[in-house]
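S.K.: One structure, pasted below without further comment.
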Amino acid sequence: MSKGKVKLLFIENDAKRRVAYKKRKKGLLNKVSELTTLCGIKACTIIYSKFNSEPDVWPSTLVAQQVILQFKHLPEMMKERKMLNQEAYLRERITKLKEQLNKQLSENHEKDLVELMFKCLLIDKRELDKLSSTDLDDLEEKIEKKMMGINSRLNGDAKKKVILDIDEAQSNPAPP
């Protein structure tokens with residue numbers, strides 16, 4: 001059951017203020033303890049008040065000093081982490097760009113072979129004399145692939161024609 005909305009005003013009565021301080025401090029320390037346990041983080045609290053001559057430090061002065069020291073070095077750590085992330089990003093980007101470059105080079109080589117093939121067929125067969133043995137092998141492979149494509153198209157059309165002829169014969173039977 002909730003207590004209702006609390007008005008956040010300065011408590012004039014010293015005794016009531018001290019009681020509210022102790023209750024709120026206990027609740028705050030409990031929440032920080034839960035936070036460190038549940039989230040697995042390092043945290044500390046330092047509470048200065050006019051009710052105590054010494055500040056209240058949770059969980060201990062030594063742990064609080066370690067947390068504060070880490071906090072002071074945080075900008076340096078963030079800078080190092082950012083640099084490592086940038087290096088990883090750049091390595092990944094370079095790898096992707098190399099892959100794109102290799103793919104583009106391969107496509108360009110294929111297009112050059114097709115252009116050379118048509119040039120030799122239509123314009124000048126002497127272009128073949130200028131090619132290296134690897135280029136000739138690549139050209140031969142390209143021509144074989146083109147021929148296989150042409151043959152499969154011709155066979156496919158021939159099969160279609162046979163199927164059409166069979167269908168036509170079945171729909172129009174020959175007279176006896």
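Residue numbers start at 1 in each chain; chains themselves are named A, B, ... in the order of the structure tokens; ligands are numbered from 1 in the order shown.
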Could you find all residues in chain A that DSSP calls strand (DSSP E or B) from the backbone, and write them as a count of residues only?
M.R.: 6
S.K.: In Å to one decimal, how far is CA of Lys26 in chain A from CA of Ser53 in chain A?
M.R.: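 CA of Lys26 in chain A lies at a distance of 17.8 Å from CA of Ser53 in chain A.
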S.K.: Choose the residue, out of A:Lys22, A:Cys120, A:Asp138, A:Gly4, that has the smallest atom-to-atom separation from Asn52 in chain A; count only C-alpha atoms.
M.R.: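 Looking at the shortest contact to Asn52 in chain A, the residue is A:Lys22.
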S.K.: Name the residues in contact with Lys25 in chain A at a cut-off of 10 Å, using only C-alpha atoms, excluding same-chain residues fewer than 6 positions from it; report them as a list of chain:residue names.
M.R.: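 Counting only C-alpha atoms, the residues come to A:Val19, A:Lys31, A:Ile47, A:Asp56.
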S.K.: List the neighbours of range 65-78 of chain A out to 8 Å using only C-alpha atoms; skip same-chain residues closer than 3 positions along the sequence, and give me the result as a PyMOL selection string.
M.R.: chain A and resi 42-44+61-62+81-82
S.K.: List every residue of range 11-101 of chain A that DSSP, applied to the backbone of this structure, assigns to alpha helix (DSSP H), and report them as a PyMOL selection string.
M.R.: chain A and resi 14-39+61-72+74-101
S.K.: Using only C-alpha atoms, which residues sit within 12 Å of range 6-14 of chain A once same-chain residues fewer than 6 positions away are excluded, as number ranges by chain?
M.R.: A: 20-21, 50-51
S.K.: Could the residues in this selection be saved with all heavy atoms as a PDB file, in the first residue's frame?
M.R.:
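So result-v2.pdb came out as:
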ATOM      1  N   ALA A  20      14.010  11.502   9.198  1.00  0.00           N
ATOM      2  CA  ALA A  20      13.825  11.364   7.754  1.00  0.00           C
ATOM      3  C   ALA A  20      15.177  11.106   7.077  1.00  0.00           C
ATOM      4  O   ALA A  20      15.281  10.265   6.169  1.00  0.00           O
ATOM      5  CB  ALA A  20      13.179  12.619   7.181  1.00  0.00           C
ATOM      6  N   TYR A  21      16.234  11.789   7.552  1.00  0.00           N
ATOM      7  CA  TYR A  21      17.579  11.602   6.993  1.00  0.00           C
ATOM      8  C   TYR A  21      18.026  10.155   7.168  1.00  0.00           C
ATOM      9  O   TYR A  21      18.499   9.526   6.220  1.00  0.00           O
ATOM     10  CB  TYR A  21      18.566  12.571   7.663  1.00  0.00           C
ATOM     11  CG  TYR A  21      20.010  12.224   7.421  1.00  0.00           C
ATOM     12  CD1 TYR A  21      20.611  12.485   6.197  1.00  0.00           C
ATOM     13  CD2 TYR A  21      20.766  11.607   8.412  1.00  0.00           C
ATOM     14  CE1 TYR A  21      21.926  12.150   5.973  1.00  0.00           C
ATOM     15  CE2 TYR A  21      22.080  11.270   8.189  1.00  0.00           C
ATOM     16  CZ  TYR A  21      22.667  11.540   6.971  1.00  0.00           C
ATOM     17  OH  TYR A  21      23.974  11.199   6.756  1.00  0.00           O
ATOM     18  N   LYS A  50      25.308  17.297   8.248  1.00  0.00           N
ATOM     19  CA  LYS A  50      25.645  18.008   9.476  1.00  0.00           C
ATOM     20  C   LYS A  50      25.287  17.183  10.710  1.00  0.00           C
ATOM     21  O   LYS A  50      25.600  17.563  11.827  1.00  0.00           O
ATOM     22  CB  LYS A  50      24.964  19.375   9.520  1.00  0.00           C
ATOM     23  CG  LYS A  50      23.481  19.370   9.494  1.00  0.00           C
ATOM     24  CD  LYS A  50      22.975  20.791   9.505  1.00  0.00           C
ATOM     25  CE  LYS A  50      21.462  20.839   9.387  1.00  0.00           C
ATOM     26  NZ  LYS A  50      20.992  22.198   9.340  1.00  0.00           N
ATOM     27  N   PHE A  51      24.678  15.998  10.489  1.00  0.00           N
ATOM     28  CA  PHE A  51      24.335  15.129  11.602  1.00  0.00           C
ATOM     29  C   PHE A  51      25.528  14.284  12.050  1.00  0.00           C
ATOM     30  O   PHE A  51      25.541  13.795  13.168  1.00  0.00           O
ATOM     31  CB  PHE A  51      23.159  14.216  11.230  1.00  0.00           C
ATOM     32  CG  PHE A  51      21.925  14.964  10.837  1.00  0.00           C
ATOM     33  CD1 PHE A  51      21.387  14.835   9.573  1.00  0.00           C
ATOM     34  CD2 PHE A  51      21.298  15.822  11.740  1.00  0.00           C
ATOM     35  CE1 PHE A  51      20.250  15.521   9.215  1.00  0.00           C
ATOM     36  CE2 PHE A  51      20.149  16.518  11.383  1.00  0.00           C
ATOM     37  CZ  PHE A  51      19.633  16.378  10.116  1.00  0.00           C
TER      38      PHE A  51
END
S.K.: Hey, can you check how far CA of Arg17 in chain A sits from CA of Glu54 in chain A?
M.R.: 18.5 Å
